[in-house]
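S.K.: My file is start-v8.tsv. It has TSV, C-alpha atoms:
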chain	number	residue	atom	x	y	z
A	1	MET	CA	-16.95	-1.34	-5.95
A	2	ALA	CA	-17.26	-1.60	-9.64
A	3	SER	CA	-19.73	1.17	-10.27
A	4	GLY	CA	-18.86	4.73	-11.16
A	5	VAL	CA	-15.15	4.09	-11.54
A	6	LYS	CA	-13.86	6.44	-14.20
A	7	PRO	CA	-10.18	6.85	-14.99
A	8	ARG	CA	-8.96	10.22	-16.25
A	9	VAL	CA	-5.49	10.78	-17.64
A	10	LYS	CA	-3.77	13.87	-18.98
A	11	VAL	CA	-0.99	13.23	-21.50
A	12	PRO	CA	0.23	15.63	-24.19
A	13	LYS	CA	-0.58	14.44	-27.72
A	14	LYS	CA	2.67	15.50	-29.41
A	15	VAL	CA	6.24	15.76	-28.16
A	16	ALA	CA	9.79	15.75	-29.50
A	17	ALA	CA	11.69	12.46	-29.25
A	18	GLY	CA	13.38	11.94	-25.90
A	19	ASP	CA	11.36	14.65	-24.23
A	20	THR	CA	10.20	14.46	-20.64
A	21	ILE	CA	6.50	14.86	-20.10
A	22	THR	CA	4.40	15.17	-16.98
A	23	ILE	CA	1.50	12.79	-16.70
A	24	LYS	CA	-1.45	13.36	-14.39
A	25	THR	CA	-3.85	10.56	-13.58
A	26	LEU	CA	-6.98	10.42	-11.49
A	27	ILE	CA	-9.53	7.68	-11.01
A	28	SER	CA	-12.83	8.09	-9.22
A	29	HIS	CA	-12.97	5.53	-6.44
A	30	LYS	CA	-14.15	5.85	-2.85
A	31	MET	CA	-11.08	4.05	-1.42
A	32	GLU	CA	-12.87	2.66	1.66
A	33	SER	CA	-10.04	2.38	4.20
A	34	GLY	CA	-11.42	-0.39	6.41
A	35	GLN	CA	-11.02	1.94	9.43
A	36	ARG	CA	-14.43	3.58	9.29
A	37	LYS	CA	-17.57	2.39	11.06
A	38	ASP	CA	-21.17	2.67	9.94
A	39	GLY	CA	-24.07	3.96	12.05
A	40	ASP	CA	-24.36	0.67	13.97
A	41	GLY	CA	-20.68	0.55	14.87
A	42	ASN	CA	-19.78	-2.14	12.37
A	43	VAL	CA	-16.51	-1.74	10.53
A	44	ILE	CA	-17.03	-0.98	6.83
A	45	PRO	CA	-14.86	-3.49	4.96
A	46	ARG	CA	-11.82	-2.24	3.10
A	47	SER	CA	-12.26	-1.65	-0.62
A	48	ILE	CA	-9.44	0.18	-2.33
A	49	ILE	CA	-7.36	0.22	-5.46
A	50	ASN	CA	-4.18	-1.51	-4.37
A	51	ARG	CA	-1.92	-1.08	-7.39
A	52	PHE	CA	-1.41	1.39	-10.23
A	53	THR	CA	0.98	0.97	-13.14
A	54	ALA	CA	1.92	3.09	-16.13
A	55	ASP	CA	3.70	1.56	-19.13
A	56	PHE	CA	4.84	2.94	-22.47
A	57	ASN	CA	5.07	0.42	-25.34
A	58	GLY	CA	5.47	-2.35	-22.78
A	59	GLU	CA	8.21	-0.62	-20.78
A	60	ASN	CA	7.43	0.36	-17.23
A	61	VAL	CA	7.31	4.00	-16.16
A	62	ILE	CA	6.00	3.73	-12.61
A	63	ASP	CA	4.49	1.02	-10.45
A	64	VAL	CA	2.70	2.20	-7.33
A	65	THR	CA	1.50	0.12	-4.40
A	66	LEU	CA	-1.41	1.84	-2.71
A	67	GLU	CA	-2.39	1.47	0.95
A	68	PRO	CA	-5.62	2.64	2.58
A	69	ALA	CA	-3.97	5.97	3.45
A	70	ILE	CA	-4.29	7.12	-0.17
A	71	SER	CA	-7.15	9.59	-0.52
A	72	THR	CA	-10.48	9.07	-2.22
A	73	ASN	CA	-10.15	9.40	-6.01
A	74	PRO	CA	-6.44	8.49	-6.11
A	75	TYR	CA	-4.37	11.06	-7.97
A	76	PHE	CA	-0.84	10.60	-9.26
A	77	GLU	CA	1.50	12.93	-11.06
A	78	PHE	CA	4.85	11.78	-12.43
A	79	ASP	CA	7.32	12.30	-15.27
A	80	ALA	CA	8.06	10.02	-18.20
A	81	VAL	CA	10.54	9.96	-21.06
A	82	VAL	CA	9.07	9.47	-24.54
A	83	PRO	CA	11.65	7.87	-26.87
A	84	GLU	CA	9.28	7.15	-29.78
A	85	SER	CA	5.64	7.29	-30.85
A	86	GLY	CA	3.42	4.81	-29.09
A	87	ASP	CA	0.84	4.17	-26.44
A	88	PHE	CA	0.78	4.84	-22.75
A	89	LYS	CA	-1.14	2.20	-20.89
A	90	PHE	CA	-2.44	2.89	-17.42
A	91	THR	CA	-3.80	0.12	-15.23
A	92	TRP	CA	-5.52	0.22	-11.85
A	93	TYR	CA	-6.09	-2.95	-9.80
A	94	ASP	CA	-9.08	-3.03	-7.44
A	95	ASP	CA	-9.28	-5.08	-4.21
A	96	ASP	CA	-12.34	-6.85	-5.63
A	97	GLY	CA	-10.37	-8.14	-8.61
A	98	ASP	CA	-11.51	-5.56	-11.13
A	99	VAL	CA	-8.90	-4.04	-13.42
A	100	TYR	CA	-9.43	-0.61	-14.95
A	101	GLU	CA	-7.45	0.36	-18.00
A	102	GLU	CA	-6.85	3.50	-20.01
A	103	THR	CA	-4.69	3.99	-23.09
A	104	LYS	CA	-3.34	7.25	-24.51
A	105	SER	CA	-1.46	7.54	-27.81
A	106	ILE	CA	1.38	9.96	-28.24
A	107	THR	CA	3.09	11.07	-31.44
A	108	VAL	CA	6.74	12.05	-31.66
A	109	SER	CA	7.20	14.87	-34.14
B	1	MET	CA	11.21	4.64	24.73
B	2	GLU	CA	11.97	8.32	24.98
B	3	LEU	CA	9.07	10.63	25.67
B	4	THR	CA	9.15	13.38	23.06
B	5	ARG	CA	7.05	16.51	23.15
B	6	ARG	CA	4.94	15.15	20.34
B	7	LYS	CA	4.03	11.98	22.15
B	8	VAL	CA	3.22	13.85	25.36
B	9	LEU	CA	0.88	16.16	23.46
B	10	ALA	CA	-0.70	13.24	21.67
B	11	LEU	CA	-1.33	11.48	24.97
B	12	ALA	CA	-2.80	14.56	26.61
B	13	ALA	CA	-5.00	15.61	23.72
B	14	GLY	CA	-5.93	12.20	22.51
B	15	THR	CA	-7.78	10.69	25.44
B	16	THR	CA	-11.07	10.69	23.59
B	17	ALA	CA	-9.83	10.01	20.09
B	18	PHE	CA	-7.34	7.33	21.08
B	19	ALA	CA	-9.41	5.59	23.76
B	20	ALA	CA	-10.54	2.92	21.35
B	21	LEU	CA	-7.00	2.29	20.19
B	22	SER	CA	-5.25	2.22	23.55
B	23	GLY	CA	-4.41	-1.44	23.15
B	24	LEU	CA	-2.10	-0.69	20.23
B	25	PRO	CA	1.56	0.19	20.67
B	26	ALA	CA	2.64	3.75	19.95
B	27	PHE	CA	2.15	4.53	16.28
B	28	ALA	CA	5.64	5.93	15.85
B	29	SER	CA	7.23	2.60	16.71
B	30	LEU	CA	5.01	0.91	14.12
B	31	THR	CA	6.62	3.15	11.53
B	32	ASP	CA	10.10	2.32	12.81
B	33	ASP	CA	9.25	-1.37	12.53
B	34	ALA	CA	7.95	-0.93	8.99
B	35	ILE	CA	11.07	0.99	7.95
B	36	ALA	CA	13.34	-1.61	9.56
B	37	GLU	CA	11.50	-4.31	7.64
B	38	LEU	CA	12.09	-2.45	4.37
B	39	THR	CA	15.76	-1.67	4.92
B	40	GLY	CA	16.66	-4.85	6.77
B	41	GLY	CA	18.31	-2.74	9.46
B	42	ALA	CA	20.66	-0.99	7.01
B	43	LYS	CA	21.86	2.51	7.81
B	44	ILE	CA	19.66	5.27	6.38
B	45	GLY	CA	21.24	8.46	5.09
B	46	GLU	CA	19.58	11.83	4.74
B	47	GLY	CA	19.76	14.65	2.24
B	48	ALA	CA	19.15	13.05	-1.15
B	49	VAL	CA	15.40	12.90	-0.83
B	50	THR	CA	13.04	15.86	-0.73
B	51	ILE	CA	9.50	15.64	0.51
B	52	THR	CA	7.12	18.50	-0.14
B	53	ALA	CA	4.08	18.71	2.07
B	54	PRO	CA	1.93	21.53	3.41
B	55	GLU	CA	2.87	22.74	6.89
B	56	ILE	CA	-0.78	22.88	7.88
B	57	ALA	CA	-3.44	20.70	6.28
B	58	GLU	CA	-6.96	21.84	7.03
B	59	ASN	CA	-8.48	18.59	5.84
B	60	GLY	CA	-6.66	15.37	6.62
B	61	ASN	CA	-8.64	13.52	3.99
B	62	THR	CA	-6.60	14.89	1.10
B	63	VAL	CA	-3.12	16.12	1.85
B	64	PRO	CA	-0.97	16.74	-1.25
B	65	ILE	CA	2.45	15.14	-0.92
B	66	GLU	CA	5.29	15.32	-3.39
B	67	VAL	CA	8.46	13.29	-3.14
B	68	ASP	CA	11.58	13.86	-5.18
B	69	ALA	CA	14.38	11.31	-4.96
B	70	PRO	CA	17.00	11.56	-7.74
B	71	GLY	CA	18.73	8.23	-8.27
B	72	ALA	CA	16.13	6.20	-6.41
B	73	VAL	CA	14.62	2.98	-7.69
B	74	GLU	CA	11.90	2.83	-5.10
B	75	VAL	CA	10.33	5.27	-2.65
B	76	THR	CA	8.05	4.25	0.21
B	77	LEU	CA	5.92	6.75	2.12
B	78	TYR	CA	4.93	6.33	5.76
B	79	ALA	CA	2.66	8.36	8.01
B	80	ASP	CA	3.68	7.73	11.61
B	81	GLY	CA	0.43	8.88	13.19
B	82	ASN	CA	-1.93	6.77	11.11
B	83	PRO	CA	-3.37	3.45	12.36
B	84	VAL	CA	-1.48	1.78	9.51
B	85	PRO	CA	1.81	3.59	8.80
B	86	ASN	CA	2.32	2.46	5.19
B	87	VAL	CA	0.97	4.92	2.65
B	88	ALA	CA	2.35	4.00	-0.76
B	89	THR	CA	5.35	2.57	-2.58
B	90	PHE	CA	6.53	4.04	-5.88
B	91	LYS	CA	8.72	1.83	-8.05
B	92	PHE	CA	10.34	3.73	-10.90
B	93	GLY	CA	10.73	1.96	-14.23
B	94	PRO	CA	13.26	2.54	-17.04
B	95	LEU	CA	11.13	5.24	-18.69
B	96	SER	CA	10.62	7.28	-15.55
B	97	ALA	CA	12.22	10.68	-16.19
B	98	SER	CA	12.67	12.33	-12.81
B	99	ARG	CA	12.41	10.10	-9.80
B	100	SER	CA	9.57	12.11	-8.39
B	101	ALA	CA	5.85	11.67	-7.94
B	102	SER	CA	3.01	13.39	-6.20
B	103	THR	CA	-0.24	12.13	-4.80
B	104	ARG	CA	-2.83	12.90	-2.13
B	105	ILE	CA	-2.94	11.04	1.14
B	106	ARG	CA	-5.02	10.70	4.31
B	107	LEU	CA	-3.63	11.78	7.66
B	108	ALA	CA	-5.44	10.89	10.87
B	109	THR	CA	-3.79	13.55	12.99
B	110	THR	CA	-0.83	15.92	13.18
B	111	GLN	CA	2.21	13.82	12.41
B	112	ASN	CA	5.36	13.20	10.40
B	113	VAL	CA	5.28	11.93	6.85
B	114	VAL	CA	8.39	9.89	6.15
B	115	ALA	CA	9.81	8.97	2.76
B	116	VAL	CA	12.37	6.17	2.53
B	117	ALA	CA	14.11	5.77	-0.82
B	118	LYS	CA	16.06	2.78	-2.02
B	119	MET	CA	18.85	4.11	-4.21
B	120	GLU	CA	20.40	2.52	-7.30
B	121	ASP	CA	23.44	1.36	-5.30
B	122	GLY	CA	21.24	-0.38	-2.72
B	123	SER	CA	21.65	2.21	0.01
B	124	PHE	CA	18.75	3.98	1.69
B	125	GLN	CA	17.90	7.65	2.07
B	126	MET	CA	15.09	9.24	4.01
B	127	ALA	CA	13.28	12.53	4.52
B	128	LYS	CA	10.67	13.69	6.99
B	129	ALA	CA	8.02	16.38	6.92
B	130	ASN	CA	5.76	17.41	9.75
B	131	VAL	CA	2.16	18.15	8.83
B	132	LYS	CA	-0.29	19.77	11.20
B	133	VAL	CA	-3.79	18.44	10.59
B	134	THR	CA	-6.85	20.41	11.65
B	135	ILE	CA	-9.50	17.81	10.80
B	136	GLY	CA	-8.34	14.20	10.78
B	137	GLY	CA	-9.03	11.99	7.81
B	138	CYS	CA	-9.65	8.57	9.25
B	139	GLY	CA	-13.39	8.57	9.79
B	140	GLY	CA	-13.16	6.85	13.22
Would you give me this structure, written as structure tokens?

M.R.:
Amino acid sequence: MASGVKPRVKVPKKVAAGDTITIKTLISHKMESGQRKDGDGNVIPRSIINRFTADFNGENVIDVTLEPAISTNPYFEFDAVVPESGDFKFTWYDDDGDVYEETKSITVS
Amino acid sequence: MELTRRKVLALAAGTTAFAALSGLPAFASLTDDAIAELTGGAKIGEGAVTITAPEIAENGNTVPIEVDAPGAVEVTLYADGNPVPNVATFKFGPLSASRSASTRIRLATTQNVVAVAKMEDGSFQMAKANVKVTIGGCGG
């Protein structure tokens, strides 16, 4: 599924150096589990996002492996330390090979 | 295998829902197998990990789960009543502040959600939370 996938990320724009911030991410994706059947009794093939990563200036914050038991529109909330100004890079990996990316800049004041 | 109250209830109530899956082994043992595979049979402690889940989830399609594991490098979530017990694995990087994360998961039926954390010293810690599900989230 490559249509209608829209990542949304909430990151504060400004923080003090070394501060801990909470990041919320959500991506619209139907996360077809591979367990459901259609009207004719055929199994609907699995189609999910199987990996999500968050990095800050190339350093990893969190790396999540997703299984079909993650809900539609996968949502994650986690904490990160911000040592300097830079960019958060969020990446989602789809079963079909697609990669969705989102970048958020943050300024240390 | 011991026959717990949970399993007896599941057997009694699940004749219709589980009829199609009767060829599979009990789900709970699938979870035990998955955990054993992760830990390599190592002893699992309790107490260092906290799992926050609603006691009753009206809709099994989106159940908010929060796991907090100070000192963990990796946390894996399992749902022992789902057809596939694995839910997600969180690996914490060097810039992760608190070793905690929250997400939303699918639960097929009333069951335990288990979090197994691999700590910095290589030991394992776990926590369990029972969630009652009114409407299952597996489509079936």

S.K.: Quick check, in Å to one decimal: how far apart do atom CA of A:Ser71 and atom CA of B:Asn59 lie?

M.R.: 11.1 Å

S.K.: Go through B:Ser123, B:Lys91, B:Thr4, B:Leu30 one by one, measure the shortest atom-to-atom distance of each to B:Glu46 using all atoms listed in the file, and give the residue with the smallest value.

M.R.: B:Ser123

S.K.: Using only C-alpha atoms, determine which residues of chain B fall within 10 Å of chain A; present them as number ranges by chain.

M.R.: B: 60-64, 66, 73-79, 82-108, 137-140

S.K.: Just C-alpha atoms for this one: save the residues we selected as an mmCIF file, in the frame of the given file.

M.R.:
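Output below, filename part_5.cif:
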data_model
loop_
_atom_site.group_PDB
_atom_site.id
_atom_site.type_symbol
_atom_site.label_atom_id
_atom_site.label_comp_id
_atom_site.auth_asym_id
_atom_site.auth_seq_id
_atom_site.Cartn_x
_atom_site.Cartn_y
_atom_site.Cartn_z
ATOM 1 C CA GLY B 60 -6.660 15.370 6.620
ATOM 2 C CA ASN B 61 -8.640 13.520 3.990
ATOM 3 C CA THR B 62 -6.600 14.890 1.100
ATOM 4 C CA VAL B 63 -3.120 16.120 1.850
ATOM 5 C CA PRO B 64 -0.970 16.740 -1.250
ATOM 6 C CA GLU B 66 5.290 15.320 -3.390
ATOM 7 C CA VAL B 73 14.620 2.980 -7.690
ATOM 8 C CA GLU B 74 11.900 2.830 -5.100
ATOM 9 C CA VAL B 75 10.330 5.270 -2.650
ATOM 10 C CA THR B 76 8.050 4.250 0.210
ATOM 11 C CA LEU B 77 5.920 6.750 2.120
ATOM 12 C CA TYR B 78 4.930 6.330 5.760
ATOM 13 C CA ALA B 79 2.660 8.360 8.010
ATOM 14 C CA ASN B 82 -1.930 6.770 11.110
ATOM 15 C CA PRO B 83 -3.370 3.450 12.360
ATOM 16 C CA VAL B 84 -1.480 1.780 9.510
ATOM 17 C CA PRO B 85 1.810 3.590 8.800
ATOM 18 C CA ASN B 86 2.320 2.460 5.190
ATOM 19 C CA VAL B 87 0.970 4.920 2.650
ATOM 20 C CA ALA B 88 2.350 4.000 -0.760
ATOM 21 C CA THR B 89 5.350 2.570 -2.580
ATOM 22 C CA PHE B 90 6.530 4.040 -5.880
ATOM 23 C CA LYS B 91 8.720 1.830 -8.050
ATOM 24 C CA PHE B 92 10.340 3.730 -10.900
ATOM 25 C CA GLY B 93 10.730 1.960 -14.230
ATOM 26 C CA PRO B 94 13.260 2.540 -17.040
ATOM 27 C CA LEU B 95 11.130 5.240 -18.690
ATOM 28 C CA SER B 96 10.620 7.280 -15.550
ATOM 29 C CA ALA B 97 12.220 10.680 -16.190
ATOM 30 C CA SER B 98 12.670 12.330 -12.810
ATOM 31 C CA ARG B 99 12.410 10.100 -9.800
ATOM 32 C CA SER B 100 9.570 12.110 -8.390
ATOM 33 C CA ALA B 101 5.850 11.670 -7.940
ATOM 34 C CA SER B 102 3.010 13.390 -6.200
ATOM 35 C CA THR B 103 -0.240 12.130 -4.800
ATOM 36 C CA ARG B 104 -2.830 12.900 -2.130
ATOM 37 C CA ILE B 105 -2.940 11.040 1.140
ATOM 38 C CA ARG B 106 -5.020 10.700 4.310
ATOM 39 C CA LEU B 107 -3.630 11.780 7.660
ATOM 40 C CA ALA B 108 -5.440 10.890 10.870
ATOM 41 C CA GLY B 137 -9.030 11.990 7.810
ATOM 42 C CA CYS B 138 -9.650 8.570 9.250
ATOM 43 C CA GLY B 139 -13.390 8.570 9.790
ATOM 44 C CA GLY B 140 -13.160 6.850 13.220
#

S.K.: With 8 Å on each side, where is the centre of the axis-aligned box around all listed atoms of stretch 58-74 of chain A, and how long are its edges in Å to one decimal, as AutoDock Vina command-line options?

M.R.:
--center_x -1.1 --center_y 3.6 --center_z -9.7 --size_x 34.7 --size_y 27.9 --size_z 42.2

S.K.: For A:Thr103, which residue among A:Glu84, A:Gly58, A:Val15, A:Ser28 is the nearest when counting all atoms listed in the file?

M.R.: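 For A:Thr103, the nearest of the given residues is A:Gly58.
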
S.K.: In Å to one decimal, how far is atom CA of A:Ser85 from atom CA of A:Tyr100?

M.R.: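 So the two atoms, atom CA of A:Tyr100 and atom CA of A:Ser85, lie 23.3 Å apart.
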
S.K.: Kindly give the distance, in Å, that separates atom CA of B:Glu120 and atom CA of B:Leu38, rounded to a single decimal.

M.R.: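 A separation of 15.2 Å between them.
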
S.K.: Report as a PyMOL selection string all protein, DNA and RNA residues lying within 8 Å of A:Ser109, evaluated on only C-alpha atoms, omitting residues in the same chain fewer than 6 positions from it.

M.R.: chain A and resi 14-17

S.K.: If you count only C-alpha atoms, which residues fall within 7 Å of B:Gly45, apart from same-chain ones fewer than 2 positions away, as number ranges by chain?

M.R.: B: 43, 47, 124-126

S.K.: Export C-alpha atoms of the chosen residues as a PDB file, keeping the file's coordinate frame?

M.R.:
ATOM      1  CA  LYS B  43      21.860   2.510   7.810  1.00  0.00           C
ATOM      2  CA  GLY B  47      19.760  14.650   2.240  1.00  0.00           C
ATOM      3  CA  PHE B 124      18.750   3.980   1.690  1.00  0.00           C
ATOM      4  CA  GLN B 125      17.900   7.650   2.070  1.00  0.00           C
ATOM      5  CA  MET B 126      15.090   9.240   4.010  1.00  0.00           C
TER       6      MET B 126
END
